[in-house]
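Printed here is protein.txt (compact mmCIF, C-alpha atoms):
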```txt
# COMPACT_ATOMS: atom_id res chain seq x y z
CA MET A 9 0.00 0.00 0.00
CA ALA A 10 1.42 3.27 -1.06
CA TYR A 11 1.45 6.15 1.38
CA ILE A 12 0.85 9.62 0.14
CA HIS A 13 3.56 12.10 0.88
CA TYR A 14 2.44 14.45 3.62
CA ASP A 15 3.75 17.97 3.83
CA PRO A 16 2.12 19.96 6.67
CA ILE A 17 3.36 23.26 5.29
CA ASN A 18 1.39 22.71 2.10
CA ASP A 19 -1.54 20.79 3.55
CA PRO A 20 -4.61 22.27 1.84
CA SER A 21 -6.85 21.13 4.70
CA ILE A 22 -4.96 23.40 7.08
CA HIS A 23 -4.26 26.23 4.69
CA GLY A 24 -7.49 26.49 2.78
CA ASP A 25 -6.25 29.48 0.87
CA HIS A 26 -3.09 27.82 -0.32
CA PRO A 27 -2.85 28.04 -4.10
CA GLY A 28 -2.67 24.28 -4.47
CA ALA A 29 -5.65 23.52 -2.25
CA LEU A 30 -7.65 20.37 -2.96
CA PRO A 31 -7.00 18.41 -6.12
CA HIS A 32 -10.66 18.25 -7.16
CA LEU A 33 -11.08 21.99 -6.84
CA HIS A 34 -8.07 22.86 -8.81
CA HIS A 35 -7.81 20.86 -11.97
CA LYS A 36 -4.53 21.18 -13.67
CA VAL A 37 -5.39 23.63 -16.38
CA GLU A 38 -3.12 25.72 -18.46
CA LYS A 39 -3.42 29.42 -17.95
CA GLY A 40 -6.02 30.99 -20.18
CA VAL A 41 -7.50 27.66 -21.28
CA ILE A 42 -10.96 26.99 -19.86
CA PRO A 43 -12.25 23.43 -20.17
CA PRO A 44 -15.82 23.00 -21.46
CA ALA A 45 -18.66 23.12 -18.94
CA GLN A 46 -20.10 19.85 -17.65
CA THR A 47 -23.60 20.87 -16.67
CA LYS A 48 -25.72 17.97 -17.90
CA TRP A 49 -26.16 16.39 -14.46
CA ILE A 50 -27.13 19.76 -12.94
CA TRP A 51 -29.99 20.22 -15.38
CA LYS A 52 -31.05 16.62 -14.88
CA VAL A 53 -31.37 17.23 -11.12
CA PHE A 54 -33.17 20.50 -11.85
CA TRP A 55 -35.83 18.75 -13.96
CA ILE A 56 -36.32 16.09 -11.28
CA MET A 57 -36.82 18.77 -8.62
CA LEU A 58 -39.16 20.77 -10.83
CA VAL A 59 -41.34 17.77 -11.69
CA ILE A 60 -41.54 16.76 -8.01
CA THR A 61 -42.55 20.29 -7.00
CA ILE A 62 -45.21 20.51 -9.73
CA VAL A 63 -46.63 17.12 -8.71
CA GLU A 64 -46.73 18.30 -5.10
CA LEU A 65 -48.56 21.47 -6.08
CA ILE A 66 -51.11 19.61 -8.21
CA VAL A 67 -51.86 17.17 -5.40
CA GLY A 68 -52.00 20.12 -2.98
CA PHE A 69 -54.58 21.81 -5.20
CA GLN A 70 -56.68 18.73 -5.71
CA LYS A 71 -56.41 17.01 -2.35
CA ASP A 72 -60.02 17.80 -1.40
CA ALA A 73 -61.42 17.07 -4.83
CA TRP A 74 -59.67 13.72 -5.03
CA ASN A 75 -60.62 12.91 -1.45
CA LEU A 76 -57.17 11.72 -0.48
CA GLY A 77 -56.64 10.33 3.00
CA LYS A 78 -54.65 12.29 5.56
CA LEU A 79 -52.14 9.53 6.16
CA PHE A 80 -51.62 9.10 2.43
CA LEU A 81 -51.01 12.83 2.01
CA GLN A 82 -48.55 12.90 4.90
CA ILE A 83 -46.54 9.98 3.53
CA PHE A 84 -46.76 11.33 -0.03
CA PHE A 85 -45.62 14.89 0.75
CA ILE A 86 -42.97 13.98 3.30
CA GLY A 87 -41.65 11.21 1.05
CA LEU A 88 -41.28 13.57 -1.92
CA THR A 89 -39.71 16.20 0.35
CA ILE A 90 -37.08 13.70 1.46
CA VAL A 91 -36.38 12.83 -2.18
CA LYS A 92 -35.81 16.52 -2.90
CA ALA A 93 -33.65 16.88 0.21
CA TYR A 94 -31.57 13.94 -0.98
CA TYR A 95 -30.94 15.58 -4.33
CA ILE A 96 -30.05 18.92 -2.76
CA VAL A 97 -27.61 17.45 -0.25
CA TYR A 98 -26.09 14.69 -2.36
CA ALA A 99 -25.98 16.36 -5.77
CA PHE A 100 -26.05 20.12 -5.27
CA MET A 101 -23.96 20.15 -2.11
CA HIS A 102 -21.66 17.52 -3.62
CA LEU A 103 -21.90 15.25 -0.60
CA LYS A 104 -21.80 12.18 -2.84
CA ASP A 105 -18.34 13.27 -3.97
CA GLU A 106 -16.96 13.39 -0.44
CA ASN A 107 -15.32 10.33 1.06
CA ARG A 108 -17.06 7.96 3.40
CA PRO A 109 -15.87 9.35 6.78
CA MET A 110 -17.05 12.80 5.71
CA ARG A 111 -20.43 11.59 4.43
CA TYR A 112 -21.19 9.48 7.45
CA SER A 113 -20.13 12.04 10.04
CA ILE A 114 -22.50 14.56 8.48
CA ILE A 115 -25.52 12.37 7.86
CA TYR A 116 -25.69 9.92 10.76
CA PRO A 117 -25.42 12.13 13.88
CA PHE A 118 -28.08 14.36 12.40
CA LEU A 119 -30.48 11.55 11.46
CA MET A 120 -30.13 9.74 14.79
CA LEU A 121 -30.98 12.79 16.89
CA ILE A 122 -33.68 14.18 14.63
CA ILE A 123 -35.59 10.95 14.11
CA TYR A 124 -35.74 10.55 17.88
CA LEU A 125 -36.75 14.19 18.38
CA ILE A 126 -39.56 13.93 15.83
CA PHE A 127 -40.80 10.69 17.33
CA ILE A 128 -40.91 11.98 20.90
CA VAL A 129 -42.33 15.42 20.07
CA ILE A 130 -45.11 14.13 17.82
CA THR A 131 -46.02 11.49 20.40
CA GLU A 132 -46.34 14.22 23.03
CA GLY A 133 -48.33 16.39 20.64
CA VAL A 134 -50.90 13.68 19.97
CA TYR A 135 -51.11 12.99 23.70
CA SER A 136 -51.59 16.62 24.73
CA LYS A 137 -54.39 17.01 22.19
CA VAL A 138 -56.64 15.22 24.65
CA TYR A 139 -55.94 17.71 27.46
CA LYS A 140 -56.15 20.98 25.58
CA HIS A 141 -59.85 21.44 26.36
CA ASP A 142 -59.17 21.82 30.09
CA ILE A 143 -57.29 25.06 30.57
CA ASP A 144 -55.41 26.37 27.59
CA PRO A 145 -55.08 30.09 26.78
CA ILE A 146 -54.18 29.39 23.15
CA PHE A 147 -57.24 27.27 22.62
CA LYS A 148 -59.37 29.91 24.33
CA THR A 149 -58.07 32.72 22.15
CA ALA A 150 -58.81 30.85 18.96
CA THR A 151 -62.28 29.68 19.84
CA HIS A 152 -64.12 32.63 21.41
CA GLY A 153 -63.24 32.00 25.01
CA GLY A 154 -63.73 28.28 24.68
CA ASP A 155 -67.54 28.51 24.59
CA HIS A 156 -67.82 26.96 21.19
CA GLY A 157 -65.28 24.27 21.82
CA ALA A 158 -63.56 22.69 18.88
CA GLY A 159 -66.41 23.55 16.53
CA ALA A 160 -65.52 27.20 16.11
CA ALA A 161 -62.96 26.74 13.39
CA ALA A 162 -61.42 29.54 11.41
CA GLY A 163 -63.88 29.29 8.54
CA GLU A 164 -66.95 29.95 10.67
CA SER A 165 -65.62 33.04 12.35
CA HIS A 166 -65.20 34.90 9.04
CA SER A 167 -68.94 35.40 8.63
CA GLU A 168 -69.41 36.14 12.33
CA GLY A 169 -66.79 38.83 12.07
CA GLY A 170 -68.76 40.40 9.25
CA THR A 171 -71.97 40.63 11.22
CA HIS A 172 -70.25 42.07 14.27
CA LYS A 173 -68.89 44.85 12.21
CA MET B 126 -12.82 11.40 -9.36
CA ALA B 127 -9.34 12.61 -8.68
CA HIS B 128 -9.63 13.02 -4.94
CA ASP B 129 -11.16 9.55 -4.52
CA VAL B 130 -8.02 8.10 -6.02
CA ALA B 131 -5.94 10.18 -3.63
CA ALA B 132 -8.02 8.94 -0.70
CA ALA B 133 -7.69 5.33 -1.80
CA GLN B 134 -3.93 5.58 -1.69
CA VAL B 135 -3.95 6.33 2.04
CA ASP B 136 -3.58 3.21 4.13
CA SER B 137 -6.74 2.90 6.21
CA LYS B 138 -4.73 1.89 9.30
CA SER B 139 -2.82 5.13 9.27
CA LEU B 140 -5.79 7.20 8.18
CA TRP B 141 -6.83 8.24 11.66
CA GLY B 142 -3.34 8.21 13.16
CA GLY B 143 -2.62 11.84 12.40
CA GLY B 144 -0.63 13.44 9.66
CA VAL B 145 -3.31 13.28 6.99
CA SER B 146 -6.78 14.76 6.76
CA PRO B 147 -9.00 11.67 6.71
CA MET B 148 -12.06 13.51 5.46
CA ASN B 149 -10.12 14.93 2.56
CA VAL B 150 -11.81 18.32 2.69
CA SER B 151 -10.35 21.71 3.41
CA TYR B 152 -10.69 23.33 6.80
CA GLY B 153 -13.13 25.95 5.53
CA LYS B 154 -15.46 23.45 3.92
CA LEU B 155 -15.47 21.17 6.95
CA MET B 156 -16.31 24.09 9.22
CA MET B 157 -19.08 25.19 6.87
CA TRP B 158 -20.55 21.69 7.01
CA LEU B 159 -20.37 21.68 10.82
CA PHE B 160 -22.12 25.04 10.93
CA LEU B 161 -24.79 23.78 8.57
CA ILE B 162 -25.38 20.69 10.70
CA SER B 163 -25.87 22.86 13.78
CA ASP B 164 -28.20 25.09 11.77
CA ALA B 165 -30.07 22.03 10.56
CA PHE B 166 -30.58 21.02 14.17
CA THR B 167 -32.05 24.44 14.91
CA PHE B 168 -34.48 24.30 12.01
CA SER B 169 -35.39 20.69 12.75
CA SER B 170 -36.23 21.64 16.32
CA PHE B 171 -38.40 24.51 15.11
CA LEU B 172 -40.24 22.29 12.68
CA ALA B 173 -40.59 19.51 15.26
CA SER B 174 -42.13 21.93 17.76
CA TYR B 175 -44.39 23.13 14.95
CA GLY B 176 -45.36 19.49 14.48
CA PHE B 177 -46.15 19.26 18.18
CA MET B 178 -48.61 22.16 18.00
CA ARG B 179 -49.96 20.93 14.70
CA HIS B 180 -50.90 17.62 16.27
CA LYS B 181 -52.12 19.17 19.48
CA TYR B 182 -54.54 21.51 17.69
CA ASP B 183 -55.19 19.09 14.88
CA ASP B 184 -58.97 19.71 14.88
CA ILE B 185 -58.88 23.52 14.73
CA TRP B 186 -55.70 24.15 12.76
CA PRO B 187 -56.17 26.89 10.11
CA ASN B 188 -56.22 25.65 6.55
CA PRO B 189 -53.20 27.26 4.86
CA GLU B 190 -55.18 27.50 1.62
CA ASP B 191 -57.57 29.95 3.29
CA VAL B 192 -54.65 32.05 4.50
CA PHE B 193 -52.23 32.17 1.58
CA HIS B 194 -54.22 32.56 -1.61
CA HIS B 195 -53.02 35.88 -2.99
CA PHE B 196 -51.21 36.41 -6.23
CA PRO B 197 -49.80 39.76 -7.39
CA PHE B 198 -51.98 41.68 -9.88
CA ILE B 199 -54.61 38.94 -9.90
CA GLU B 200 -57.76 39.17 -7.83
CA GLY B 201 -59.26 35.98 -6.55
CA HIS B 202 -58.64 32.86 -4.56
CA ILE B 203 -55.54 31.13 -5.90
CA PRO B 204 -54.04 29.01 -3.14
CA LEU B 205 -50.49 27.60 -3.42
CA ALA B 206 -49.74 29.43 -6.66
CA TYR B 207 -47.52 32.16 -5.25
CA VAL B 208 -45.67 29.87 -2.88
CA GLY B 209 -45.15 27.53 -5.82
CA PHE B 210 -43.57 30.42 -7.66
CA MET B 211 -41.34 31.20 -4.66
CA THR B 212 -40.24 27.58 -4.46
CA PHE B 213 -39.43 27.59 -8.15
CA VAL B 214 -37.36 30.77 -7.76
CA LEU B 215 -35.36 29.30 -4.90
CA ILE B 216 -34.73 25.99 -6.68
CA MET B 217 -33.71 27.93 -9.78
CA SER B 218 -31.27 30.07 -7.79
CA SER B 219 -29.89 26.89 -6.28
CA VAL B 220 -29.29 25.58 -9.79
CA THR B 221 -27.51 28.77 -10.85
CA MET B 222 -25.37 28.44 -7.70
CA VAL B 223 -24.29 24.91 -8.68
CA LEU B 224 -23.51 26.24 -12.13
CA ALA B 225 -21.35 28.96 -10.52
CA VAL B 226 -19.54 26.35 -8.40
CA GLU B 227 -19.04 24.18 -11.46
CA ALA B 228 -17.64 27.15 -13.37
CA GLY B 229 -15.37 27.84 -10.39
CA HIS B 230 -13.90 24.33 -10.68
CA ARG B 231 -12.89 25.20 -14.22
CA ASN B 232 -11.53 28.62 -13.18
CA ASP B 233 -14.00 30.20 -15.59
CA ARG B 234 -14.31 33.65 -14.10
CA LYS B 235 -16.82 34.96 -16.60
CA ALA B 236 -19.22 32.07 -16.04
CA VAL B 237 -18.87 32.35 -12.25
CA THR B 238 -19.75 36.04 -12.48
CA LYS B 239 -22.79 35.35 -14.62
CA TRP B 240 -24.24 32.53 -12.52
CA LEU B 241 -23.54 34.25 -9.19
CA PHE B 242 -25.35 37.31 -10.51
CA TRP B 243 -28.47 35.26 -11.30
CA THR B 244 -28.24 33.56 -7.91
CA ILE B 245 -28.30 36.93 -6.17
CA ILE B 246 -31.27 38.05 -8.30
CA GLY B 247 -33.15 34.87 -7.39
CA GLY B 248 -32.44 35.40 -3.70
CA LEU B 249 -33.69 38.97 -3.86
CA ILE B 250 -36.90 37.91 -5.61
CA PHE B 251 -37.45 35.30 -2.93
CA VAL B 252 -36.92 37.71 -0.02
CA GLY B 253 -39.21 40.21 -1.68
CA SER B 254 -41.89 37.56 -2.17
CA GLN B 255 -41.66 36.60 1.45
CA ALA B 256 -42.08 40.21 2.52
CA TRP B 257 -45.11 40.45 0.25
CA GLU B 258 -46.64 37.34 1.74
CA TRP B 259 -45.97 38.56 5.29
CA TYR B 260 -47.65 41.84 4.40
CA HIS B 261 -50.84 40.08 3.30
CA PHE B 262 -50.84 37.85 6.34
CA ILE B 263 -50.33 40.77 8.74
CA VAL B 264 -52.91 43.04 7.11
CA GLY B 265 -55.52 40.32 6.69
CA THR B 266 -58.98 40.62 5.22
CA GLU B 267 -61.36 43.56 5.26
CA HIS B 268 -64.09 41.87 7.27
CA GLY B 269 -61.78 40.35 9.85
CA ALA B 270 -62.92 37.94 12.53
CA VAL B 271 -64.03 38.01 16.15
CA ARG B 272 -61.36 36.89 18.57
CA SER B 273 -61.07 36.76 22.33
CA ILE B 274 -57.95 38.59 23.37
CA ILE B 275 -56.73 39.98 26.66
CA VAL B 276 -57.35 43.75 26.86
CA ASP B 277 -56.30 45.39 30.15
CA GLY B 278 -56.13 42.04 31.88
CA GLU B 279 -59.57 40.88 30.77
CA TRP B 280 -60.74 38.60 28.00
CA LYS B 281 -62.66 40.65 25.49
CA GLU B 282 -64.21 39.84 22.13
CA VAL B 283 -62.98 42.17 19.42
CA VAL B 284 -62.92 42.22 15.63
CA VAL B 285 -59.34 41.68 14.51
CA HIS B 286 -57.74 41.93 11.09
CA GLY B 287 -54.78 39.88 9.99
CA ALA B 288 -52.32 38.16 12.26
CA ASN B 289 -49.56 39.03 14.67
CA MET B 290 -47.97 37.45 17.72
CA VAL B 291 -51.10 38.06 19.86
CA TYR B 292 -54.04 37.15 17.64
CA ASN B 293 -54.73 35.58 14.29
CA GLU B 294 -57.74 36.34 12.18
CA TYR B 295 -57.51 32.99 10.41
CA GLY B 296 -57.59 30.84 13.52
CA LEU B 297 -55.04 29.81 16.08
CA PRO B 298 -52.52 32.50 17.05
CA VAL B 299 -49.90 29.81 17.48
CA PHE B 300 -50.11 29.18 13.74
CA ALA B 301 -49.12 32.81 13.16
CA ASN B 302 -46.40 32.59 15.83
CA PHE B 303 -44.79 29.61 14.15
CA PHE B 304 -45.26 31.04 10.69
CA PHE B 305 -43.56 34.32 11.58
CA PHE B 306 -40.85 32.64 13.56
CA ILE B 307 -39.86 29.89 11.14
CA THR B 308 -40.31 31.72 7.84
CA GLY B 309 -38.73 34.78 9.46
CA PHE B 310 -35.71 32.80 10.57
CA HIS B 311 -35.49 31.22 7.14
CA GLY B 312 -35.97 34.58 5.43
CA PHE B 313 -33.13 36.01 7.46
CA HIS B 314 -30.97 33.11 6.29
CA VAL B 315 -31.88 33.93 2.70
CA PHE B 316 -31.09 37.57 3.31
CA SER B 317 -27.68 36.83 4.83
CA GLY B 318 -27.09 34.35 2.00
CA VAL B 319 -27.72 37.13 -0.51
CA VAL B 320 -25.28 39.37 1.37
CA ILE B 321 -22.63 36.62 1.43
CA ASN B 322 -23.18 35.89 -2.27
CA PHE B 323 -22.88 39.58 -3.04
CA ILE B 324 -19.55 39.86 -1.22
CA ILE B 325 -18.27 36.78 -3.06
CA PHE B 326 -19.58 38.28 -6.30
CA LEU B 327 -17.59 41.47 -5.70
CA ASN B 328 -14.49 39.40 -4.97
CA VAL B 329 -14.98 37.47 -8.20
CA LEU B 330 -15.26 40.76 -10.08
CA LYS B 331 -12.09 42.00 -8.35
CA GLY B 332 -10.30 38.83 -9.35
CA THR B 333 -9.45 37.75 -5.79
CA TYR B 334 -10.06 34.07 -6.51
CA GLU B 335 -8.41 34.26 -9.90
CA LYS B 336 -5.23 35.37 -8.09
CA ARG B 337 -5.71 32.72 -5.42
CA GLY B 338 -5.91 30.07 -8.11
CA HIS B 339 -9.14 28.43 -7.00
CA TYR B 340 -12.78 29.27 -6.36
CA GLU B 341 -13.31 27.37 -3.14
CA MET B 342 -14.95 30.39 -1.53
CA VAL B 343 -17.73 30.18 -4.11
CA GLU B 344 -18.15 26.55 -3.15
CA LYS B 345 -18.46 27.39 0.57
CA ALA B 346 -21.02 30.12 -0.10
CA GLY B 347 -22.76 27.60 -2.35
CA LEU B 348 -23.05 25.10 0.51
CA TYR B 349 -24.78 27.73 2.60
CA TRP B 350 -27.07 28.72 -0.24
CA HIS B 351 -28.13 25.13 -0.95
CA PHE B 352 -28.81 24.66 2.73
CA VAL B 353 -31.21 27.61 2.63
CA ASP B 354 -32.98 25.93 -0.29
CA LEU B 355 -33.05 22.65 1.65
CA VAL B 356 -34.75 24.30 4.61
CA TRP B 357 -37.30 25.93 2.34
CA VAL B 358 -38.22 22.55 0.85
CA PHE B 359 -39.25 21.43 4.33
CA VAL B 360 -40.94 24.69 5.30
CA PHE B 361 -42.92 24.55 2.06
CA THR B 362 -44.13 21.03 2.82
CA PHE B 363 -45.04 21.54 6.45
CA PHE B 364 -46.57 25.00 6.23
CA TYR B 365 -48.30 24.98 2.85
CA LEU B 366 -48.88 21.44 1.69
CA LEU B 367 -49.75 19.45 4.79
```
Would you write the structure of this file as structure tokens?
Amino acid sequence: MAYIHYDPINDPSIHGDHPGALPHLHHKVEKGVIPPAQTKWIWKVFWIMLVITIVELIVGFQKDAWNLGKLFLQIFFIGLTIVKAYYIVYAFMHLKDENRPMRYSIIYPFLMLIIYLIFIVITEGVYSKVYKHDIDPIFKTATHGGDHGAGAAAGESHSEGGTHK
Amino acid sequence: MAHDVAAAQVDSKSLWGGGVSPMNVSYGKLMMWLFLISDAFTFSSFLASYGFMRHKYDDIWPNPEDVFHHFPFIEGHIPLAYVGFMTFVLIMSSVTMVLAVEAGHRNDRKAVTKWLFWTIIGGLIFVGSQAWEWYHFIVGTEHGAVRSIIVDGEWKEVVVHGANMVYNEYGLPVFANFFFFITGFHGFHVFSGVVINFIIFLNVLKGTYEKRGHYEMVEKAGLYWHFVDLVWVFVFTFFYLL
């Protein structure tokens, strides 16, 4: 196994502004000669993102007309969002070009903590839904002092506001 | 790619023993990634707490389509259209940023200038759109709605218009609180991203990176800019679609 020669004076990871920093950033090009652009993959990712966004918007428009279930919509939208996030992080932010220690130390600590956070917070949210009718200033503010209970949704109060005026 | 070959040549036993940089990225890029991870934690916590309230007030949560249905110069009820436009602008500016980074790899100063310029324009359009949407949300409708709010220490029923941190014409005030807080925090990120991109743009014009021999600074600003786009993708889903 060949070892690479290490020279701390010229280590690009320490001296980011060193002229020779990072082989993949600084292709050996002759002065004045600019290699042709390689932008095909960028536009491919762009079209994928655009199509996903348009599909999301169409489903968002039509979700009542098509009578789609809540769970389906949640899985559908969050799933497509994660696909978009994958393309942004892996393609646009070039994470797929980094080496494995770099990739893993960015992705895994984040995912571990956030998946747990989402799980515990949503569980608590569903649980506290049951108790919000007791004493809850937020609930009271939104529903006319709590007299109308959960029935006084935003839509109803529009017309009531009109008559009061 | 070239750097993968370089990484493969390092013996894995000595990789973590010091003397080499095992992650094979520059100091600046690594620190930018660390910052972005910490920022991602912040935004995730915001969105998770939004999810908490969303589930808690599941039955009376305002329908975003009743709140955000304005479109410039067009009267009528057009939900999702403007936010779709904003999303498109931000994705587009993300694409022009990748094109700038790609041009930077080739030391193509003219192309970097061009694509960075369009990125800044896209960012400005987005910030402006957000301000416009905030304006409509804060001003509200003409007829308003009756809300119980605390006036001089007592609950009173008053007609309110629009939304702020105390009341919300469209329903729960906590919806407005989270909307202002999360889109405001994101909008500030976009704003600072535009400022950073503008500084980089001036440096490109001055030829700073041409002299330095590489355009890594464009790449670092690009990481930040893509992160802003990434956050928006989630904000868009959780605030407007779900």
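Considering only C-alpha atoms, the residue among B:Pro147, B:Gly278, B:Gly209, B:Gly142 positioned nearest to Thr362 (chain B) is B:Gly209.
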Write out as a PDB file with C-alpha atoms, in the coordinates of the input each polymer residue whose atoms come within 7 Å of region 233-250 of chain B, counting all atoms listed in the file; drop sequence neighbours fewer than 6 positions from it.
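So the final result, stored in around36.pdb, reads:
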```pdb
ATOM      1  CA  ILE A  42     -10.960  26.990 -19.860  1.00  0.00           C
TER       2      ILE A  42
ATOM      3  CA  VAL B 214     -37.360  30.770  -7.760  1.00  0.00           C
ATOM      4  CA  LEU B 215     -35.360  29.300  -4.900  1.00  0.00           C
ATOM      5  CA  SER B 218     -31.270  30.070  -7.790  1.00  0.00           C
ATOM      6  CA  THR B 221     -27.510  28.770 -10.850  1.00  0.00           C
ATOM      7  CA  MET B 222     -25.370  28.440  -7.700  1.00  0.00           C
ATOM      8  CA  LEU B 224     -23.510  26.240 -12.130  1.00  0.00           C
ATOM      9  CA  ALA B 225     -21.350  28.960 -10.520  1.00  0.00           C
ATOM     10  CA  VAL B 315     -31.880  33.930   2.700  1.00  0.00           C
ATOM     11  CA  VAL B 319     -27.720  37.130  -0.510  1.00  0.00           C
ATOM     12  CA  ASN B 322     -23.180  35.890  -2.270  1.00  0.00           C
ATOM     13  CA  PHE B 323     -22.880  39.580  -3.040  1.00  0.00           C
ATOM     14  CA  PHE B 326     -19.580  38.280  -6.300  1.00  0.00           C
ATOM     15  CA  VAL B 329     -14.980  37.470  -8.200  1.00  0.00           C
ATOM     16  CA  LEU B 330     -15.260  40.760 -10.080  1.00  0.00           C
TER      17      LEU B 330
END
```
Q) Of the candidates B:Leu297, B:Ala346, B:Val208, B:Ile263, which shows the shortest atom-to-atom distance to chain A, using only C-alpha atoms? A) B:Leu297
Q) Please, what distance in Å, to one decimal, runs between CA of Trp49 (chain A) and CA of Trp357 (chain B)? A) 22.3 Å
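The spacing separating CA of Ser317 (chain B) from CA of Ser169 (chain B) amounts to 19.6 Å.
With only C-alpha atoms as the atoms that count, the minimum distance from chain B to the choices A:Ala99, A:Ile130, A:Val53, A:Ile115 is reached by A:Ile130.
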Q: Tell me which of A:Leu88, A:Lys104, A:Tyr124, A:Lys137 sits closest to chain B, counting all atoms listed in the file.
A: A:Lys137
Q: May I ask for the distance between CA of Met110 (chain A) and CA of Ser146 (chain B), given in Å to one decimal place?
A: 10.5 Å
Q | Which residue of B:Met156, B:Val150, B:Val291, B:Val264 approaches chain A most closely, using all atoms listed in the file | A | B:Val150
Q | Selection as a ChimeraX atom specification: residues within 12 Å of (-19.2, 8.1, 3.5), counting only C-alpha atoms | A | /A:98,103-116 /B:129,132,147-149
(Q) When you look at Gly287 (chain B) with a cut-off of 9 Å (counting all atoms listed in the file), what residues show up, excluding the ones that are within fewer than 4 positions of it in the same chain? I need them as a VMD selection string. (A) chain B and resid 261 to 267 269 to 270 292 to 295
Q: Please identify all polymer residues within 10 Å of Leu125 (chain A), counting all atoms listed in the file, omitting same-chain residues fewer than 6 positions from it, and present them as a VMD selection string.
A: (chain A and resid 119 131) or (chain B and resid 169 to 170 173 to 174)
Q | Spatial neighbours of Leu348 (chain B), 12 Å, only C-alpha atoms, chain gap at least 3 places, as a PyMOL selection string | A | (chain A and resi 96-103) or (chain B and resi 153-162+219+222-223+225-226+318+321-322+341-345+351-355)
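The protein and nucleic acid residues lying at most 10 Å from Pro44 (chain A) are Val41 and Thr47 of chain A; Ala228, Arg231 and Asp233 of chain B, with only C-alpha atoms considered and sequence neighbours fewer than 3 positions away removed.
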Q) With distances taken over all atoms listed in the file, which of A:Phe85, A:Trp74, A:Trp55, A:Phe80 is nearest to chain B? A) A:Phe85
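All protein, DNA and RNA residues at most 9 Å from (-45.8, 24.6, -8.6) are Leu58, Val59, Ile60, Thr61, Ile62, Val63, Glu64, Leu65 and Ile66 of chain A; Leu205, Ala206, Tyr207, Val208, Gly209, Phe210, Met211, Thr212 and Phe213 of chain B, using only C-alpha atoms.
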Can you report as lines of an AutoDock Vina configuration file the centre and edge lengths in Å, to one decimal, of an axis-aligned box around the listed atoms of region 253-256 of chain B padded with 6 Å on each side?
```
center_x = -40.6
center_y = 38.4
center_z = 0.2
size_x = 14.9
size_y = 15.6
size_z = 16.7
```
